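Peer 1: mmCIF, C-alpha atoms, saved as structure-v3.cif, coming up:
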data_target
loop_
_atom_site.label_atom_id
_atom_site.label_comp_id
_atom_site.auth_asym_id
_atom_site.auth_seq_id
_atom_site.Cartn_x
_atom_site.Cartn_y
_atom_site.Cartn_z
CA MET M 7 -20.75 33.60 37.05
CA LYS M 8 -18.89 34.56 33.88
CA THR M 9 -16.27 32.36 32.28
CA PRO M 10 -12.82 33.98 32.69
CA LEU M 11 -11.48 35.71 29.59
CA LYS M 12 -8.13 34.22 28.55
CA ILE M 13 -6.03 36.54 26.42
CA GLY M 14 -3.08 35.04 24.58
CA PHE M 15 0.22 36.48 23.45
CA GLU M 16 0.55 38.30 20.14
CA PHE M 17 2.69 35.77 18.26
CA THR M 18 4.55 38.23 16.01
CA GLN M 19 5.43 40.44 19.00
CA LEU M 20 6.94 37.44 20.84
CA ILE M 21 8.97 36.53 17.76
CA LYS M 22 10.33 40.09 17.58
CA ILE M 23 11.32 40.07 21.25
CA PHE M 24 12.75 36.54 21.08
CA GLY M 25 14.68 37.30 17.88
CA GLY M 26 15.93 40.67 19.10
CA GLY M 27 16.89 39.32 22.52
CA GLY M 28 18.43 36.13 21.23
CA CYS M 29 20.23 37.60 18.24
CA MET M 30 21.48 40.77 19.89
CA LEU M 31 21.68 40.60 23.68
CA LEU M 32 23.14 37.12 24.19
CA PRO M 33 26.07 37.66 21.81
CA LEU M 34 26.66 41.13 23.27
CA CYS M 35 26.82 39.75 26.83
CA SER M 36 29.10 36.97 25.61
CA VAL M 37 31.45 39.53 24.04
CA PHE M 38 31.60 41.41 27.36
CA ILE M 39 32.52 38.18 29.15
CA LEU M 40 35.14 37.37 26.49
CA PHE M 41 36.73 40.83 26.80
CA GLY M 42 36.78 40.31 30.57
CA PHE M 43 39.04 37.29 30.05
CA ILE M 44 41.23 38.95 27.42
CA LEU M 45 41.87 42.27 29.19
CA ASN M 46 43.68 42.72 32.50
CA GLY M 47 42.90 44.75 35.59
CA TRP M 48 39.79 46.05 37.29
CA VAL M 49 38.22 47.16 34.02
CA ALA M 50 38.30 43.57 32.77
CA ILE M 51 36.56 42.32 35.91
CA PHE M 52 33.91 45.03 35.59
CA ILE M 53 33.29 44.20 31.91
CA ALA M 54 33.03 40.46 32.62
CA LEU M 55 30.63 41.04 35.54
CA PHE M 56 28.51 43.30 33.35
CA GLY M 57 28.27 40.51 30.76
CA CYS M 58 27.41 37.91 33.42
CA LEU M 59 24.67 40.10 34.91
CA GLY M 60 23.24 40.59 31.44
CA LEU M 61 23.07 36.83 30.97
CA VAL M 62 21.45 36.34 34.38
CA PHE M 63 18.59 38.64 33.35
CA PHE M 64 18.27 37.84 29.63
CA VAL M 65 18.57 34.04 29.57
CA PRO M 66 15.53 33.51 31.85
CA LEU M 67 13.59 35.99 29.69
CA LEU M 68 14.42 34.02 26.54
CA PHE M 69 13.37 30.73 28.21
CA PHE M 70 10.11 32.37 29.29
CA LEU M 71 9.42 33.57 25.74
CA LEU M 72 10.28 30.18 24.25
CA ILE M 73 7.94 28.41 26.70
CA ALA M 74 5.21 31.00 25.96
CA LEU M 75 5.61 30.34 22.22
CA ILE M 76 5.42 26.56 22.66
CA THR M 77 2.70 26.21 25.31
CA GLN M 78 0.39 29.04 24.19
CA LYS M 79 -0.32 29.78 27.87
CA PRO M 80 -2.62 32.83 28.31
CA ALA M 81 -0.78 36.10 28.86
CA LEU M 82 -3.63 37.65 30.82
CA ILE M 83 -6.70 36.11 32.44
CA ILE M 84 -9.52 38.42 33.46
CA SER M 85 -12.22 37.11 35.80
CA GLU M 86 -14.82 38.51 38.17
CA GLU M 87 -12.33 38.10 41.03
CA GLY M 88 -9.45 39.98 39.37
CA MET M 89 -6.64 39.69 36.81
CA GLN M 90 -3.86 37.11 36.41
CA ASP M 91 -0.85 38.72 34.71
CA ASN M 92 1.36 36.17 32.96
CA SER M 93 2.48 38.58 30.23
CA GLN M 94 6.04 38.92 31.49
CA LEU M 95 8.62 36.71 33.16
CA TYR M 96 8.25 38.74 36.35
CA GLY M 97 4.56 39.61 35.85
CA GLY M 98 2.33 40.60 38.71
CA GLY M 99 0.49 37.31 39.07
CA PHE M 100 -3.08 37.37 40.41
CA ILE M 101 -4.44 40.73 41.51
CA LYS M 102 -7.90 41.13 43.01
CA TRP M 103 -10.02 44.04 41.83
CA GLU M 104 -10.17 45.30 45.43
CA GLU M 105 -6.36 45.54 45.56
CA ILE M 106 -6.20 47.92 42.57
CA GLU M 107 -6.20 51.62 43.37
CA LYS M 108 -6.17 52.93 39.80
CA MET M 109 -5.27 52.10 36.21
CA THR M 110 -3.58 54.27 33.63
CA VAL M 111 -3.18 53.71 29.90
CA GLY M 112 -0.28 55.22 28.00
CA ASN M 113 2.08 54.87 25.08
CA LYS M 114 5.82 55.08 25.46
CA HIS M 115 8.33 54.34 22.69
CA THR M 116 5.64 52.73 20.45
CA ILE M 117 4.50 50.39 23.25
CA ASP M 118 1.02 50.63 24.73
CA TRP M 119 1.03 50.09 28.49
CA LEU M 120 -1.60 49.43 31.10
CA SER M 121 -0.21 50.67 34.38
CA ILE M 122 -1.84 49.27 37.51
CA GLU M 123 -1.28 50.91 40.88
CA LEU M 124 -2.10 48.87 43.95
CA TYR M 125 -3.22 50.11 47.35
CA ASP M 126 -0.50 47.98 49.00
CA VAL M 127 2.52 47.30 46.78
CA ASP M 128 4.13 45.08 49.40
CA LEU M 129 1.22 42.66 49.05
CA LEU M 130 2.32 41.78 45.50
CA VAL M 131 5.99 41.60 46.46
CA ASN M 132 5.34 39.39 49.49
CA ARG M 133 3.42 36.86 47.35
CA SER M 134 6.36 36.46 44.97
CA ASN M 135 9.18 33.93 44.92
CA PRO M 136 12.67 35.24 45.89
CA MET M 137 13.86 35.90 42.30
CA LYS M 138 10.67 37.72 41.34
CA ARG M 139 10.77 39.63 44.65
CA MET M 140 14.29 40.86 43.86
CA TYR M 141 13.19 41.98 40.40
CA LEU M 142 10.11 43.78 41.73
CA ARG M 143 12.15 45.57 44.40
CA THR M 144 14.71 46.62 41.76
CA THR M 145 12.07 47.99 39.39
CA GLU M 146 10.34 49.73 42.29
CA PHE M 147 13.63 51.46 43.09
CA LEU M 148 14.39 52.33 39.44
CA ALA M 149 10.95 53.21 38.14
CA SER M 150 7.77 53.13 40.17
CA THR M 151 5.60 50.97 42.36
CA SER M 152 3.00 50.37 39.66
CA MET M 153 2.64 47.14 37.73
CA GLN M 154 3.04 47.44 33.96
CA ILE M 155 1.32 45.29 31.35
CA ASP M 156 2.64 45.63 27.80
CA MET M 157 -0.58 45.65 25.78
CA THR M 158 1.29 45.18 22.49
CA ARG M 159 2.17 41.64 23.67
CA LEU M 160 -1.52 40.73 23.94
CA ASN M 161 -3.66 39.47 21.05
CA ILE M 162 -6.48 41.87 21.92
CA SER M 163 -6.83 45.54 21.04
CA GLY M 164 -6.51 48.18 23.74
CA PRO M 165 -10.18 49.29 23.57
CA LYS M 166 -11.42 45.67 23.76
CA LEU M 167 -9.13 45.01 26.74
CA LEU M 168 -10.53 48.04 28.55
CA GLU M 169 -14.09 46.90 27.75
CA ALA M 170 -13.30 43.47 29.22
CA ILE M 171 -11.82 45.07 32.35
CA GLU M 172 -14.96 47.18 32.78
CA GLU M 173 -17.23 44.15 32.27
CA TYR M 174 -15.39 41.76 34.60
CA SER M 175 -14.78 44.36 37.32
CA ASN M 176 -18.54 45.09 37.28
CA GLY M 177 -17.95 48.69 36.20
CA ARG M 178 -15.42 49.45 38.92
CA PHE M 179 -12.84 50.32 36.25
CA ASN M 180 -14.31 52.07 33.22
CA ASP M 181 -13.65 54.94 30.81
CA ASP M 182 -14.23 57.46 33.58
CA ASN M 183 -11.60 56.13 35.97
CA ILE M 184 -9.04 54.41 33.71
CA THR M 185 -7.06 57.53 32.96
CA ALA M 186 -4.67 58.48 30.21
CA SER M 187 -1.07 58.93 31.30
CA ASN M 188 -0.07 62.48 32.16
CA VAL M 189 3.68 61.90 32.05
CA ASP M 190 5.30 64.23 29.49
CA GLU M 191 7.00 61.58 27.38
CA TRP M 192 3.83 59.43 27.31
CA SER M 193 0.99 60.09 24.92
CA VAL M 194 -2.29 58.28 24.46
#
Rewrite the coordinates I just gave you, this time as C-alpha coordinates.

Peer 2:
Amino acid sequence: MKTPLKIGFEFTQLIKIFGGGGCMLLPLCSVFILFGFILNGWVAIFIALFGCLGLVFFVPLLFFLLIALITQKPALIISEEGMQDNSQLYGGGFIKWEEIEKMTVGNKHTIDWLSIELYDVDLLVNRSNPMKRMYLRTTEFLASTSMQIDMTRLNISGPKLLEAIEEYSNGRFNDDNITASNVDEWSV
(Lines of atoms letter the chains of each structure in order from A and count residues from 1; the text may use other names and numbers.)
(Lines give C-alpha, C1' and ligand atoms only; values in the text may rest on other atoms or scores of the structure.)
Protein backbone atom coordinates (compact mmCIF):
# COMPACT_ATOMS: atom_id res chain seq x y z
CA MET A 1 0.00 0.00 0.00
CA LYS A 2 1.34 3.41 -1.02
CA THR A 3 1.79 6.26 1.42
CA PRO A 4 -0.79 9.00 0.67
CA LEU A 5 0.58 12.01 -1.19
CA LYS A 6 0.02 15.21 0.81
CA ILE A 7 0.05 18.35 -1.30
CA GLY A 8 0.34 21.67 0.50
CA PHE A 9 -0.86 25.15 -0.35
CA GLU A 10 1.19 27.46 -2.55
CA PHE A 11 2.21 30.04 0.06
CA THR A 12 2.43 33.07 -2.26
CA GLN A 13 -1.01 32.30 -3.73
CA LEU A 14 -2.56 32.21 -0.24
CA ILE A 15 -0.92 35.54 0.61
CA LYS A 16 -2.38 37.09 -2.57
CA ILE A 17 -5.88 35.81 -1.76
CA PHE A 18 -5.62 36.76 1.92
CA GLY A 19 -4.24 40.22 1.12
CA GLY A 20 -6.73 40.87 -1.67
CA GLY A 21 -9.68 39.58 0.36
CA GLY A 22 -8.66 41.29 3.57
CA CYS A 23 -7.56 44.58 2.08
CA MET A 24 -10.35 44.97 -0.46
CA LEU A 25 -13.48 42.97 0.34
CA LEU A 26 -13.80 43.56 4.09
CA PRO A 27 -13.57 47.36 3.83
CA LEU A 28 -15.93 47.33 0.84
CA CYS A 29 -18.55 45.32 2.75
CA SER A 30 -18.09 47.62 5.74
CA VAL A 31 -18.70 50.67 3.54
CA PHE A 32 -21.93 49.08 2.27
CA ILE A 33 -23.07 48.53 5.85
CA LEU A 34 -22.11 52.11 6.79
CA PHE A 35 -24.07 53.55 3.84
CA GLY A 36 -27.01 51.41 4.94
CA PHE A 37 -27.04 53.27 8.26
CA ILE A 38 -26.49 56.72 6.73
CA LEU A 39 -29.09 56.54 3.94
CA ASN A 40 -32.85 56.19 4.41
CA GLY A 41 -35.44 53.99 2.76
CA TRP A 42 -35.49 50.60 1.09
CA VAL A 43 -32.28 51.27 -0.82
CA ALA A 44 -30.41 51.71 2.47
CA ILE A 45 -31.72 48.39 3.78
CA PHE A 46 -30.73 46.65 0.55
CA ILE A 47 -27.21 48.15 0.64
CA ALA A 48 -26.72 47.20 4.31
CA LEU A 49 -27.95 43.63 3.67
CA PHE A 50 -25.61 43.34 0.70
CA GLY A 51 -22.69 44.35 2.94
CA CYS A 52 -23.75 41.90 5.67
CA LEU A 53 -24.04 39.02 3.20
CA GLY A 54 -20.59 39.85 1.88
CA LEU A 55 -19.18 39.64 5.40
CA VAL A 56 -20.96 36.33 6.05
CA PHE A 57 -19.18 34.78 3.05
CA PHE A 58 -15.80 36.55 3.18
CA VAL A 59 -14.96 36.49 6.91
CA PRO A 60 -15.06 32.65 7.11
CA LEU A 61 -12.90 32.52 3.97
CA LEU A 62 -10.30 34.79 5.56
CA PHE A 63 -10.28 32.69 8.76
CA PHE A 64 -9.82 29.56 6.65
CA LEU A 65 -6.88 31.12 4.79
CA LEU A 66 -5.29 32.35 8.01
CA ILE A 67 -5.59 28.88 9.59
CA ALA A 68 -4.19 27.30 6.39
CA LEU A 69 -1.21 29.69 6.54
CA ILE A 70 -0.51 28.93 10.21
CA THR A 71 -1.13 25.17 10.37
CA GLN A 72 0.30 24.18 6.97
CA LYS A 73 -2.49 21.58 6.67
CA PRO A 74 -2.37 19.73 3.30
CA ALA A 75 -4.62 21.23 0.64
CA LEU A 76 -5.07 17.93 -1.17
CA ILE A 77 -4.37 14.36 -0.10
CA ILE A 78 -4.26 11.68 -2.78
CA SER A 79 -4.40 8.02 -1.74
CA GLU A 80 -5.28 4.68 -3.28
CA GLU A 81 -8.83 5.07 -1.91
CA GLY A 82 -9.48 8.54 -3.36
CA MET A 83 -8.83 12.26 -2.87
CA GLN A 84 -9.34 14.52 0.16
CA ASP A 85 -9.97 18.10 -1.01
CA ASN A 86 -9.09 20.67 1.66
CA SER A 87 -8.07 23.35 -0.84
CA GLN A 88 -11.08 25.59 -0.21
CA LEU A 89 -13.25 26.54 2.73
CA TYR A 90 -16.13 24.63 1.19
CA GLY A 91 -13.98 21.97 -0.52
CA GLY A 92 -15.36 18.61 -1.51
CA GLY A 93 -13.85 16.60 1.32
CA PHE A 94 -13.06 12.93 0.69
CA ILE A 95 -14.06 11.50 -2.67
CA LYS A 96 -13.53 7.85 -3.57
CA TRP A 97 -12.18 7.05 -7.02
CA GLU A 98 -15.32 5.01 -7.70
CA GLU A 99 -17.52 8.08 -7.10
CA ILE A 100 -15.77 10.12 -9.82
CA GLU A 101 -17.34 10.01 -13.26
CA LYS A 102 -14.79 12.18 -15.07
CA MET A 103 -12.16 14.87 -14.63
CA THR A 104 -11.51 17.92 -16.76
CA VAL A 105 -8.55 20.31 -16.70
CA GLY A 106 -8.94 23.89 -17.82
CA ASN A 107 -7.74 27.45 -17.43
CA LYS A 108 -10.09 30.32 -16.77
CA HIS A 109 -9.00 33.87 -15.94
CA THR A 110 -5.36 32.79 -15.32
CA ILE A 111 -6.43 30.05 -12.87
CA ASP A 112 -5.84 26.39 -13.63
CA TRP A 113 -8.75 24.21 -12.52
CA LEU A 114 -9.31 20.52 -12.05
CA SER A 115 -13.01 19.92 -12.44
CA ILE A 116 -14.33 16.68 -10.96
CA GLU A 117 -17.76 15.39 -11.90
CA LEU A 118 -19.30 12.78 -9.64
CA TYR A 119 -21.77 10.06 -10.54
CA ASP A 120 -24.02 11.15 -7.66
CA VAL A 121 -23.66 14.82 -6.69
CA ASP A 122 -26.08 14.46 -3.80
CA LEU A 123 -23.66 12.04 -2.14
CA LEU A 124 -21.15 14.87 -1.61
CA VAL A 125 -23.83 17.31 -0.49
CA ASN A 126 -25.39 14.86 1.96
CA ARG A 127 -22.00 14.26 3.66
CA SER A 128 -21.54 17.98 4.31
CA ASN A 129 -22.37 20.10 7.35
CA PRO A 130 -25.34 22.52 6.99
CA MET A 131 -23.23 25.59 6.06
CA LYS A 132 -21.21 23.69 3.47
CA ARG A 133 -24.42 22.08 2.15
CA MET A 134 -25.96 25.52 1.61
CA TYR A 135 -22.85 26.68 -0.24
CA LEU A 136 -22.73 23.57 -2.44
CA ARG A 137 -26.42 23.90 -3.31
CA THR A 138 -25.91 27.59 -4.18
CA THR A 139 -22.93 26.89 -6.43
CA GLU A 140 -24.78 23.99 -8.04
CA PHE A 141 -27.62 26.39 -8.87
CA LEU A 142 -25.28 29.16 -10.11
CA ALA A 143 -22.62 27.16 -11.90
CA SER A 144 -22.55 23.40 -12.19
CA THR A 145 -22.63 20.19 -10.25
CA SER A 146 -18.91 19.53 -10.65
CA MET A 147 -16.36 20.03 -7.91
CA GLN A 148 -13.60 22.52 -8.69
CA ILE A 149 -10.03 22.39 -7.39
CA ASP A 150 -7.94 25.52 -7.99
CA MET A 151 -4.60 24.02 -9.01
CA THR A 152 -2.81 27.37 -8.66
CA ARG A 153 -3.35 27.10 -4.87
CA LEU A 154 -1.38 23.84 -4.75
CA ASN A 155 2.40 23.60 -4.44
CA ILE A 156 2.60 21.03 -7.23
CA SER A 157 2.59 21.58 -10.99
CA GLY A 158 -0.43 20.55 -13.04
CA PRO A 159 1.39 17.75 -14.93
CA LYS A 160 2.79 16.29 -11.68
CA LEU A 161 -0.68 16.42 -10.09
CA LEU A 162 -2.15 14.53 -13.03
CA GLU A 163 0.68 11.95 -12.83
CA ALA A 164 -0.08 11.45 -9.12
CA ILE A 165 -3.80 11.04 -9.86
CA GLU A 166 -3.00 8.42 -12.50
CA GLU A 167 -0.63 6.57 -10.16
CA TYR A 168 -2.90 6.53 -7.10
CA SER A 169 -6.08 5.74 -9.05
CA ASN A 170 -4.23 2.75 -10.57
CA GLY A 171 -4.56 4.17 -14.08
CA ARG A 172 -8.30 4.78 -13.84
CA PHE A 173 -7.72 8.49 -14.54
CA ASN A 174 -4.92 9.16 -17.02
CA ASP A 175 -4.03 11.33 -20.01
CA ASP A 176 -6.59 9.52 -22.14
CA ASN A 177 -9.60 10.19 -19.91
CA ILE A 178 -8.70 13.42 -18.06
CA THR A 179 -9.92 15.74 -20.75
CA ALA A 180 -9.20 19.36 -21.58
CA SER A 181 -12.11 21.72 -21.06
CA ASN A 182 -14.22 22.39 -24.14
CA VAL A 183 -15.98 25.47 -22.79
CA ASP A 184 -15.36 28.46 -25.08
CA GLU A 185 -13.89 30.80 -22.48
CA TRP A 186 -11.61 28.05 -21.11
CA SER A 187 -8.33 27.13 -22.72
CA VAL A 188 -5.76 24.54 -21.76

Peer 1: Please write the residues picked by the PyMOL selection byres ((chain M and resi 31-45) around 10) on this file as a ChimeraX atom specification.

Peer 2: /M:25-30,46-62,64-65,68

Peer 1: Here's a test: counting all atoms listed in the file, identify every protein, DNA and RNA residue with an atom at most 10 Å from (0.9, 38.6, 31.4) in the file's coordinate frame, and state them as a list in words.

Peer 2: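 Returned residue set, sorted by chain then number, is Ile13, Gly14, Phe15, Lys79, Pro80, Ala81, Leu82, Ile83, Met89, Gln90, Asp91, Asn92, Ser93, Gln94, Leu95, Tyr96, Gly97, Gly98, Gly99, Phe100, Gln154, Ile155, Asp156, Met157, Arg159 and Leu160 of chain M.
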
Peer 1: The selected residues should be written to file as a PDB file, in the coordinates of the input (atoms: C-alpha atoms).

Peer 2:
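See again-v6.pdb below for the written result:
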ATOM      1  CA  ILE M  13      -6.030  36.540  26.420  1.00  0.00           C
ATOM      2  CA  GLY M  14      -3.080  35.040  24.580  1.00  0.00           C
ATOM      3  CA  PHE M  15       0.220  36.480  23.450  1.00  0.00           C
ATOM      4  CA  LYS M  79      -0.320  29.780  27.870  1.00  0.00           C
ATOM      5  CA  PRO M  80      -2.620  32.830  28.310  1.00  0.00           C
ATOM      6  CA  ALA M  81      -0.780  36.100  28.860  1.00  0.00           C
ATOM      7  CA  LEU M  82      -3.630  37.650  30.820  1.00  0.00           C
ATOM      8  CA  ILE M  83      -6.700  36.110  32.440  1.00  0.00           C
ATOM      9  CA  MET M  89      -6.640  39.690  36.810  1.00  0.00           C
ATOM     10  CA  GLN M  90      -3.860  37.110  36.410  1.00  0.00           C
ATOM     11  CA  ASP M  91      -0.850  38.720  34.710  1.00  0.00           C
ATOM     12  CA  ASN M  92       1.360  36.170  32.960  1.00  0.00           C
ATOM     13  CA  SER M  93       2.480  38.580  30.230  1.00  0.00           C
ATOM     14  CA  GLN M  94       6.040  38.920  31.490  1.00  0.00           C
ATOM     15  CA  LEU M  95       8.620  36.710  33.160  1.00  0.00           C
ATOM     16  CA  TYR M  96       8.250  38.740  36.350  1.00  0.00           C
ATOM     17  CA  GLY M  97       4.560  39.610  35.850  1.00  0.00           C
ATOM     18  CA  GLY M  98       2.330  40.600  38.710  1.00  0.00           C
ATOM     19  CA  GLY M  99       0.490  37.310  39.070  1.00  0.00           C
ATOM     20  CA  PHE M 100      -3.080  37.370  40.410  1.00  0.00           C
ATOM     21  CA  GLN M 154       3.040  47.440  33.960  1.00  0.00           C
ATOM     22  CA  ILE M 155       1.320  45.290  31.350  1.00  0.00           C
ATOM     23  CA  ASP M 156       2.640  45.630  27.800  1.00  0.00           C
ATOM     24  CA  MET M 157      -0.580  45.650  25.780  1.00  0.00           C
ATOM     25  CA  ARG M 159       2.170  41.640  23.670  1.00  0.00           C
ATOM     26  CA  LEU M 160      -1.520  40.730  23.940  1.00  0.00           C
TER      27      LEU M 160
END

Peer 1: Written as a list of chain:residue names, which residues does the PyMOL selection byres ((chain M and resi 111) around 9) give for the file shown?

Peer 2: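 Those residues are M:Met109, M:Thr110, M:Gly112, M:Asn113, M:Asp118, M:Trp119, M:Leu120, M:Ser121, M:Ile122, M:Gly164, M:Ile184, M:Thr185, M:Ala186, M:Ser187, M:Val194.
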
Peer 1: Limited to C-alpha atoms, could you put the picked residues into a file as an mmCIF file, in the coordinates of the input?

Peer 2:
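Now in again23.cif:
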data_model
loop_
_atom_site.group_PDB
_atom_site.id
_atom_site.type_symbol
_atom_site.label_atom_id
_atom_site.label_comp_id
_atom_site.auth_asym_id
_atom_site.auth_seq_id
_atom_site.Cartn_x
_atom_site.Cartn_y
_atom_site.Cartn_z
ATOM 1 C CA MET M 109 -5.270 52.100 36.210
ATOM 2 C CA THR M 110 -3.580 54.270 33.630
ATOM 3 C CA GLY M 112 -0.280 55.220 28.000
ATOM 4 C CA ASN M 113 2.080 54.870 25.080
ATOM 5 C CA ASP M 118 1.020 50.630 24.730
ATOM 6 C CA TRP M 119 1.030 50.090 28.490
ATOM 7 C CA LEU M 120 -1.600 49.430 31.100
ATOM 8 C CA SER M 121 -0.210 50.670 34.380
ATOM 9 C CA ILE M 122 -1.840 49.270 37.510
ATOM 10 C CA GLY M 164 -6.510 48.180 23.740
ATOM 11 C CA ILE M 184 -9.040 54.410 33.710
ATOM 12 C CA THR M 185 -7.060 57.530 32.960
ATOM 13 C CA ALA M 186 -4.670 58.480 30.210
ATOM 14 C CA SER M 187 -1.070 58.930 31.300
ATOM 15 C CA VAL M 194 -2.290 58.280 24.460
#

Peer 1: Using only C-alpha atoms, find the one residue out of M:Ile23, M:Ile106, M:Ile84, M:Leu167 that sits nearest to M:Tyr125.

Peer 2: M:Ile106

Peer 1: How many Å separate atom CA of M:Asp182 from atom CA of M:Pro165?

Peer 2: 13.5 Å

Peer 1: To one decimal place, how far is atom CA of M:Thr77 from atom CA of M:Ala170 in Å?

Peer 2: 23.9 Å

Peer 1: To one decimal place in Å, what is the distance between atom CA of M:Trp103 and atom CA of M:Glu86?

Peer 2: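 Atom CA of M:Trp103 sits 8.2 Å away from atom CA of M:Glu86.
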
Peer 1: Any chance you could work out the residue set of the PyMOL selection byres ((chain M and resi 75) around 10) here, as a list in words?

Peer 2: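 Selection result, ordered by chain and number: Phe15, Glu16, Phe17, Leu20, Ile21, Phe24, Phe69, Phe70, Leu71, Leu72, Ile73, Ala74, Ile76, Thr77, Gln78 and Lys79 of chain M.
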
Peer 1: Please save C-alpha atoms of the selected residues as a PDB file, in the coordinates of the input.

Peer 2:
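Result written to result-v2.pdb:
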ATOM      1  CA  PHE M  15       0.220  36.480  23.450  1.00  0.00           C
ATOM      2  CA  GLU M  16       0.550  38.300  20.140  1.00  0.00           C
ATOM      3  CA  PHE M  17       2.690  35.770  18.260  1.00  0.00           C
ATOM      4  CA  LEU M  20       6.940  37.440  20.840  1.00  0.00           C
ATOM      5  CA  ILE M  21       8.970  36.530  17.760  1.00  0.00           C
ATOM      6  CA  PHE M  24      12.750  36.540  21.080  1.00  0.00           C
ATOM      7  CA  PHE M  69      13.370  30.730  28.210  1.00  0.00           C
ATOM      8  CA  PHE M  70      10.110  32.370  29.290  1.00  0.00           C
ATOM      9  CA  LEU M  71       9.420  33.570  25.740  1.00  0.00           C
ATOM     10  CA  LEU M  72      10.280  30.180  24.250  1.00  0.00           C
ATOM     11  CA  ILE M  73       7.940  28.410  26.700  1.00  0.00           C
ATOM     12  CA  ALA M  74       5.210  31.000  25.960  1.00  0.00           C
ATOM     13  CA  ILE M  76       5.420  26.560  22.660  1.00  0.00           C
ATOM     14  CA  THR M  77       2.700  26.210  25.310  1.00  0.00           C
ATOM     15  CA  GLN M  78       0.390  29.040  24.190  1.00  0.00           C
ATOM     16  CA  LYS M  79      -0.320  29.780  27.870  1.00  0.00           C
TER      17      LYS M  79
END

Peer 1: Kindly indicate which residue among M:Asp126, M:Lys166, M:Phe63, M:Ser85 lies nearest to M:Met140, using all atoms listed in the file for the distances.

Peer 2: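 Comparing M:Asp126, M:Lys166, M:Phe63, M:Ser85 against M:Met140, the winner is M:Phe63.
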